[in-house]
$ cat final_3.txt   # compact mmCIF, C-alpha atoms
# COMPACT_ATOMS: atom_id res chain seq x y z
CA MET A 1 113.67 63.24 95.21
CA MET A 2 113.09 63.06 98.94
CA ILE A 3 115.87 65.42 99.97
CA ARG A 4 114.57 68.08 97.59
CA GLU A 5 111.17 67.97 99.30
CA ILE A 6 112.75 68.29 102.76
CA LEU A 7 114.80 71.32 101.68
CA ALA A 8 111.71 72.88 100.09
CA LEU A 9 109.76 72.29 103.31
CA LEU A 10 112.48 74.12 105.28
CA ALA A 11 112.37 77.03 102.83
CA PHE A 12 108.55 77.22 103.07
CA ILE A 13 108.65 77.17 106.90
CA CYS A 14 111.18 80.04 106.78
CA ALA A 15 108.86 81.91 104.39
CA VAL A 16 105.83 81.46 106.67
CA VAL A 17 107.71 82.63 109.79
CA PHE A 18 109.14 85.74 108.11
CA GLY A 19 105.80 86.47 106.42
CA ILE A 20 103.86 86.36 109.70
CA PHE A 21 106.33 88.64 111.49
CA GLY A 22 106.45 91.01 108.52
CA LEU A 23 102.64 91.28 108.50
CA ILE A 24 102.59 91.92 112.28
CA GLY A 25 105.15 94.68 111.80
CA LEU A 26 103.20 96.12 108.88
CA PHE A 27 100.10 96.41 111.06
CA ARG A 28 101.59 97.37 114.43
CA PHE A 29 104.47 99.78 113.76
CA PRO A 30 103.61 103.47 114.25
CA ASP A 31 105.92 105.08 111.66
CA PRO A 32 106.20 104.78 107.85
CA TYR A 33 109.98 104.23 108.17
CA SER A 34 109.76 101.33 110.60
CA ARG A 35 106.78 99.95 108.68
CA LEU A 36 108.93 100.09 105.55
CA GLN A 37 111.54 97.99 107.33
CA ALA A 38 108.96 95.30 108.16
CA GLY A 39 107.60 95.47 104.61
CA SER A 40 111.04 95.03 103.07
CA LEU A 41 111.64 92.06 105.36
CA LEU A 42 108.43 90.42 104.15
CA GLY A 43 109.01 91.39 100.52
CA THR A 44 112.58 90.16 100.29
CA THR A 45 113.09 87.28 102.71
CA SER A 46 109.69 85.62 102.54
CA VAL A 47 109.21 85.87 98.77
CA LEU A 48 112.82 84.81 98.12
CA SER A 49 112.34 81.73 100.34
CA ILE A 50 109.18 80.86 98.37
CA PHE A 51 111.21 81.17 95.14
CA ILE A 52 113.94 78.86 96.50
CA GLY A 53 111.30 76.30 97.51
CA THR A 54 109.57 76.39 94.12
CA LEU A 55 112.98 76.12 92.41
CA LEU A 56 113.60 72.91 94.37
CA LEU A 57 110.12 71.56 93.53
CA SER A 58 110.02 72.53 89.85
CA PRO A 59 109.06 69.58 87.61
CA ASN A 60 111.24 70.32 84.54
CA TRP A 61 114.04 72.57 83.36
CA SER A 62 111.91 75.17 81.56
CA VAL A 63 109.99 75.97 84.75
CA ALA A 64 113.23 76.08 86.79
CA ALA A 65 114.91 78.48 84.35
CA ARG A 66 111.93 80.83 84.42
CA VAL A 67 111.84 80.80 88.22
CA LEU A 68 115.55 81.66 88.21
CA VAL A 69 115.01 84.62 85.85
CA ILE A 70 112.10 85.87 87.98
CA THR A 71 114.28 85.61 91.11
CA LEU A 72 117.08 87.64 89.51
CA PHE A 73 114.67 90.36 88.40
CA PHE A 74 112.97 90.42 91.80
CA LEU A 75 116.34 90.88 93.52
CA ILE A 76 116.76 94.08 91.49
CA SER A 77 113.21 95.44 91.57
CA SER A 78 112.19 94.95 95.22
CA PRO A 79 115.01 96.93 96.95
CA THR A 80 114.64 99.64 94.30
CA GLY A 81 110.94 99.94 95.14
CA SER A 82 111.68 100.14 98.86
CA HIS A 83 114.29 102.83 98.19
CA ILE A 84 111.78 104.83 96.12
CA VAL A 85 109.23 104.68 98.95
CA ALA A 86 111.82 105.70 101.58
CA ARG A 87 113.02 108.60 99.43
CA PHE A 88 109.43 109.76 98.79
CA THR A 89 108.62 109.57 102.53
CA TRP A 90 111.74 111.54 103.45
CA ASN A 91 111.23 114.17 100.72
CA ILE A 92 107.67 115.05 101.72
CA GLY A 93 108.89 115.67 105.30
CA THR A 94 107.22 112.93 107.33
CA PRO A 95 108.13 113.35 111.04
CA VAL A 96 110.08 110.54 112.70
CA TRP A 97 108.28 108.66 115.48
CA LYS A 98 109.45 109.26 119.06
CA PRO A 99 108.27 107.46 122.22
CA SER A 100 105.79 109.40 124.32
CA PRO A 101 107.09 111.00 127.59
CA ARG A 102 105.20 108.54 129.80
CA GLU A 103 106.89 105.53 128.18
CA LYS A 104 110.29 107.21 128.47
CA GLU A 105 109.74 107.86 132.19
CA GLY A 106 108.67 104.27 132.79
CA LYS A 107 111.77 103.05 131.01
CA GLY A 108 113.96 105.28 133.19
CA LYS A 109 112.40 103.93 136.40
CA ALA A 110 112.89 100.35 135.32
CA MET B 1 103.68 65.81 99.73
CA ARG B 2 104.72 68.19 96.95
CA GLU B 3 101.13 69.11 96.07
CA ILE B 4 100.20 69.58 99.74
CA MET B 5 103.11 71.98 100.32
CA LEU B 6 102.38 74.03 97.21
CA ASP B 7 98.65 74.25 97.99
CA THR B 8 99.33 75.31 101.59
CA MET B 9 101.70 78.04 100.45
CA GLN B 10 99.11 79.24 97.93
CA TRP B 11 96.57 79.67 100.75
CA PHE B 12 99.17 81.46 102.88
CA THR B 13 99.95 83.91 100.07
CA ILE B 14 96.20 84.51 99.52
CA ILE B 15 95.85 85.43 103.21
CA CYS B 16 98.86 87.78 102.88
CA ILE B 17 97.28 89.42 99.80
CA VAL B 18 93.97 90.02 101.62
CA LEU B 19 95.75 91.49 104.67
CA CYS B 20 97.85 93.80 102.46
CA ILE B 21 94.70 95.07 100.71
CA VAL B 22 93.09 95.68 104.12
CA ARG B 23 96.22 97.59 105.16
CA ILE B 24 96.07 99.73 102.00
CA PHE B 25 92.50 100.78 102.82
CA THR B 26 93.04 101.35 106.56
CA THR B 27 96.09 103.64 106.50
CA SER B 28 95.57 107.37 106.08
CA THR B 29 98.93 108.62 104.74
CA ALA B 30 100.27 108.17 101.20
CA SER B 31 103.53 106.67 102.51
CA GLY B 32 101.72 103.90 104.38
CA LYS B 33 99.68 103.07 101.30
CA LEU B 34 102.83 102.90 99.15
CA VAL B 35 104.57 100.59 101.66
CA ALA B 36 101.58 98.22 101.62
CA LEU B 37 101.46 98.40 97.80
CA ASN B 38 105.15 97.47 97.57
CA VAL B 39 104.56 94.40 99.77
CA LEU B 40 101.41 93.49 97.80
CA SER B 41 103.32 93.46 94.51
CA GLY B 42 105.88 90.95 95.83
CA VAL B 43 103.29 88.68 97.43
CA VAL B 44 101.13 88.53 94.27
CA LEU B 45 104.27 87.61 92.29
CA ALA B 46 104.96 84.79 94.77
CA PHE B 47 101.38 83.53 94.35
CA LEU B 48 101.68 83.47 90.54
CA VAL B 49 104.98 81.55 90.72
CA LEU B 50 103.51 79.01 93.16
CA ARG B 51 100.50 78.52 90.90
CA GLY B 52 102.69 78.03 87.83
CA VAL B 53 104.93 75.46 89.52
CA ARG B 54 101.89 73.62 90.95
CA GLU B 55 100.34 73.28 87.48
CA GLY B 56 103.73 72.55 85.90
CA ARG B 57 103.13 74.94 82.99
CA ALA B 58 105.76 77.48 81.97
CA LEU B 59 103.17 79.88 80.50
CA TYR B 60 102.04 81.01 83.96
CA LEU B 61 105.63 81.91 84.83
CA ASP B 62 105.93 84.10 81.73
CA VAL B 63 102.80 85.91 82.91
CA ALA B 64 104.39 86.31 86.36
CA LEU B 65 107.58 87.84 84.89
CA VAL B 66 105.62 90.34 82.77
CA TYR B 67 103.44 91.17 85.79
CA ASP B 68 106.56 91.91 87.86
CA ILE B 69 108.07 94.19 85.20
CA PHE B 70 104.89 96.17 84.61
CA GLY B 71 104.10 96.33 88.33
CA PHE B 72 107.52 97.83 88.99
CA LEU B 73 107.10 100.42 86.21
CA GLY B 74 103.61 101.35 87.42
CA PHE B 75 104.81 101.67 90.99
CA LEU B 76 107.62 103.98 89.87
CA GLY B 77 105.11 106.11 87.94
CA VAL B 78 102.74 106.39 90.91
CA ALA B 79 105.59 107.46 93.24
CA ARG B 80 106.79 110.04 90.73
CA PHE B 81 103.28 111.45 90.23
CA LEU B 82 102.61 111.71 93.97
CA LYS B 83 105.97 113.42 94.57
CA ASP B 84 105.29 116.08 91.92
CA LYS B 85 101.75 116.56 93.18
CA ILE B 86 102.71 117.02 96.84
CA GLU B 87 105.69 119.29 96.08
CA GLY B 88 103.55 121.47 93.80
CA GLY B 89 100.85 121.70 96.48
CA SER B 90 103.30 122.77 99.19
CA GLU B 91 104.81 125.52 97.05
CA GLN B 92 101.52 127.30 96.43
$ encode --input "final_3.txt" --output "structure tokens"
Amino acid sequence: MMIREILALLAFICAVVFGIFGLIGLFRFPDPYSRLQAGSLLGTTSVLSIFIGTLLLSPNWSVAARVLVITLFFLISSPTGSHIVARFTWNIGTPVWKPSPREKEGKGKA
Amino acid sequence: MREIMLDTMQWFTIICIVLCIVRIFTTSTASGKLVALNVLSGVVLAFLVLRGVREGRALYLDVALVYDIFGFLGFLGVARFLKDKIEGGSEQ
């Protein structure tokens, strides 16, 4: 019983770390493409870690089986949704972000 | 220990949901809104699963599975509608 709680705690810590960095990327990145990368990181890694933790903490077999089915469906649906968003963004002709000339010059000096 | 972990993760997912909704309303482009909506769908699913495991009732997890399926279908429909709309507008 104890080792299951320790493994679940590790999974939840992983979920919190990836969730915080994914949210920072979702707010700070300038481009829909790079923002999509941060969003896919949050949507896949963080939510999947939460599912692993709840699978370890589930009280009986009926709950565990349902969590497993939800995990399998989420592994199909989340990358498909990200692909649809990326394809939509590319098809409507969104320009790709480039660094401004001042930043490029500063990088060259350094 | 188990209840404390599950309650803490429920509060974390609630904070994520609020921040995703704020992000939906603060971006200007349709792509940014769709990215935030995609993240919001996954985080709400995680909250429902955490709630169901915390209460120990399998009924909540059935609701979470149906929510995921219908959320995915609705998301696909919104993307399709926006694509047709924007392509039709650019042709005219």
$ interface_residues --input "final_3.txt" --of "chain A" --to "chain B" --cutoff "7 Å" --atoms "all atoms listed in the file" --output "list in words"
Glu5, Pro32, Leu36, Gly39, Gly43, Val47, Ile50, Thr54, Ser58, Pro59, Ser62, Val63, Arg66, Ile70, Ser77, Gly81, Val85, Phe88 and Thr89 of chain A
$ write_last_selection --input "final_3.txt" --atoms "C-alpha atoms" --output "PDB file, in the coordinates of the input"
ATOM      1  CA  GLU A   5     111.170  67.970  99.300  1.00  0.00           C
ATOM      2  CA  PRO A  32     106.200 104.780 107.850  1.00  0.00           C
ATOM      3  CA  LEU A  36     108.930 100.090 105.550  1.00  0.00           C
ATOM      4  CA  GLY A  39     107.600  95.470 104.610  1.00  0.00           C
ATOM      5  CA  GLY A  43     109.010  91.390 100.520  1.00  0.00           C
ATOM      6  CA  VAL A  47     109.210  85.870  98.770  1.00  0.00           C
ATOM      7  CA  ILE A  50     109.180  80.860  98.370  1.00  0.00           C
ATOM      8  CA  THR A  54     109.570  76.390  94.120  1.00  0.00           C
ATOM      9  CA  SER A  58     110.020  72.530  89.850  1.00  0.00           C
ATOM     10  CA  PRO A  59     109.060  69.580  87.610  1.00  0.00           C
ATOM     11  CA  SER A  62     111.910  75.170  81.560  1.00  0.00           C
ATOM     12  CA  VAL A  63     109.990  75.970  84.750  1.00  0.00           C
ATOM     13  CA  ARG A  66     111.930  80.830  84.420  1.00  0.00           C
ATOM     14  CA  ILE A  70     112.100  85.870  87.980  1.00  0.00           C
ATOM     15  CA  SER A  77     113.210  95.440  91.570  1.00  0.00           C
ATOM     16  CA  GLY A  81     110.940  99.940  95.140  1.00  0.00           C
ATOM     17  CA  VAL A  85     109.230 104.680  98.950  1.00  0.00           C
ATOM     18  CA  PHE A  88     109.430 109.760  98.790  1.00  0.00           C
ATOM     19  CA  THR A  89     108.620 109.570 102.530  1.00  0.00           C
TER      20      THR A  89
END
$ atom_distance --input "final_3.txt" --atom1 "atom CA of Ser40 of chain A" --atom2 "atom CA of Ile6 of chain A"
26.8 Å
$ closest_residue --input "final_3.txt" --among "A:Leu56, A:Val69, A:Tyr33, A:Phe51" --to "His83 of chain A" --atoms "only C-alpha atoms"
A:Tyr33
$ axis_aligned_box --input "final_3.txt" --around "segment 73-78 of chain A" --padding-each-side "6 Å" --output "AutoDock Vina command-line options"
--center_x 114.5 --center_y 92.9 --center_z 91.8 --size_x 16.6 --size_y 17.1 --size_z 18.8
$ atom_distance --input "final_3.txt" --atom1 "atom CA of Phe21 of chain A" --atom2 "atom CA of Leu42 of chain A"
7.8 Å
$ residues_near_point --input "final_3.txt" --point "(112.1, 108.9, 116.2)" --cutoff "10 Å" --atoms "only C-alpha atoms" --output "PyMOL selection string"
chain A and resi 31+33-34+95-99
$ atom_distance --input "final_3.txt" --atom1 "atom CA of Arg87 of chain A" --atom2 "atom CA of Ile14 of chain B"
29.4 Å
$ residues_around --input "final_3.txt" --residues "Leu55 of chain A" --least-positions-apart "2" --cutoff "8 Å" --atoms "all atoms listed in the file" --output "ChimeraX atom specification"
/A:51-53,57-58,64,67-68
$ decode --input "final_3.txt" --residues "segment 1-58 of chain B" --atoms "C-alpha atoms" --output "CSV table (one decimal), in the first residue's frame"
chain,number,residue,atom,x,y,z
B,1,MET,CA,-2.0,10.8,2.5
B,2,ARG,CA,-4.1,9.5,-0.4
B,3,GLU,CA,-6.9,12.0,0.2
B,4,ILE,CA,-4.4,14.9,0.6
B,5,MET,CA,-2.7,14.1,-2.7
B,6,LEU,CA,-5.9,13.8,-4.6
B,7,ASP,CA,-7.3,17.1,-3.2
B,8,THR,CA,-4.1,19.0,-3.9
B,9,MET,CA,-4.2,17.8,-7.5
B,10,GLN,CA,-7.8,18.8,-7.8
B,11,TRP,CA,-6.9,22.3,-6.8
B,12,PHE,CA,-4.0,22.4,-9.2
B,13,THR,CA,-6.2,21.3,-12.1
B,14,ILE,CA,-8.8,24.0,-11.1
B,15,ILE,CA,-6.1,26.6,-11.3
B,16,CYS,CA,-5.0,25.2,-14.8
B,17,ILE,CA,-8.7,25.4,-16.0
B,18,VAL,CA,-9.0,29.1,-14.9
B,19,LEU,CA,-5.7,30.0,-16.5
B,20,CYS,CA,-6.8,28.3,-19.8
B,21,ILE,CA,-10.1,30.1,-19.8
B,22,VAL,CA,-8.2,33.4,-19.2
B,23,ARG,CA,-5.9,32.5,-22.2
B,24,ILE,CA,-8.9,31.8,-24.4
B,25,PHE,CA,-10.3,35.3,-23.7
B,26,THR,CA,-7.0,37.2,-24.0
B,27,THR,CA,-5.7,35.9,-27.4
B,28,SER,CA,-6.9,37.6,-30.5
B,29,THR,CA,-6.4,35.0,-33.3
B,30,ALA,CA,-8.5,31.9,-33.9
B,31,SER,CA,-5.5,29.6,-33.7
B,32,GLY,CA,-4.5,30.7,-30.2
B,33,LYS,CA,-8.0,30.2,-29.0
B,34,LEU,CA,-8.1,26.7,-30.5
B,35,VAL,CA,-4.8,25.8,-28.8
B,36,ALA,CA,-6.1,27.0,-25.4
B,37,LEU,CA,-9.3,25.0,-26.0
B,38,ASN,CA,-7.4,21.9,-26.8
B,39,VAL,CA,-5.5,22.2,-23.5
B,40,LEU,CA,-8.7,23.0,-21.6
B,41,SER,CA,-10.4,19.8,-22.8
B,42,GLY,CA,-7.6,17.6,-21.5
B,43,VAL,CA,-7.3,19.4,-18.1
B,44,VAL,CA,-11.1,19.2,-17.5
B,45,LEU,CA,-10.9,15.5,-18.2
B,46,ALA,CA,-8.1,15.1,-15.7
B,47,PHE,CA,-10.2,17.0,-13.1
B,48,LEU,CA,-13.2,14.7,-13.6
B,49,VAL,CA,-11.0,11.6,-13.3
B,50,LEU,CA,-9.4,12.9,-10.1
B,51,ARG,CA,-12.8,13.7,-8.7
B,52,GLY,CA,-14.1,10.2,-9.5
B,53,VAL,CA,-11.1,8.4,-8.0
B,54,ARG,CA,-11.3,10.6,-4.8
B,55,GLU,CA,-15.0,9.7,-4.3
B,56,GLY,CA,-14.4,6.1,-5.3
B,57,ARG,CA,-17.5,5.9,-7.5
B,58,ALA,CA,-17.2,4.5,-11.1
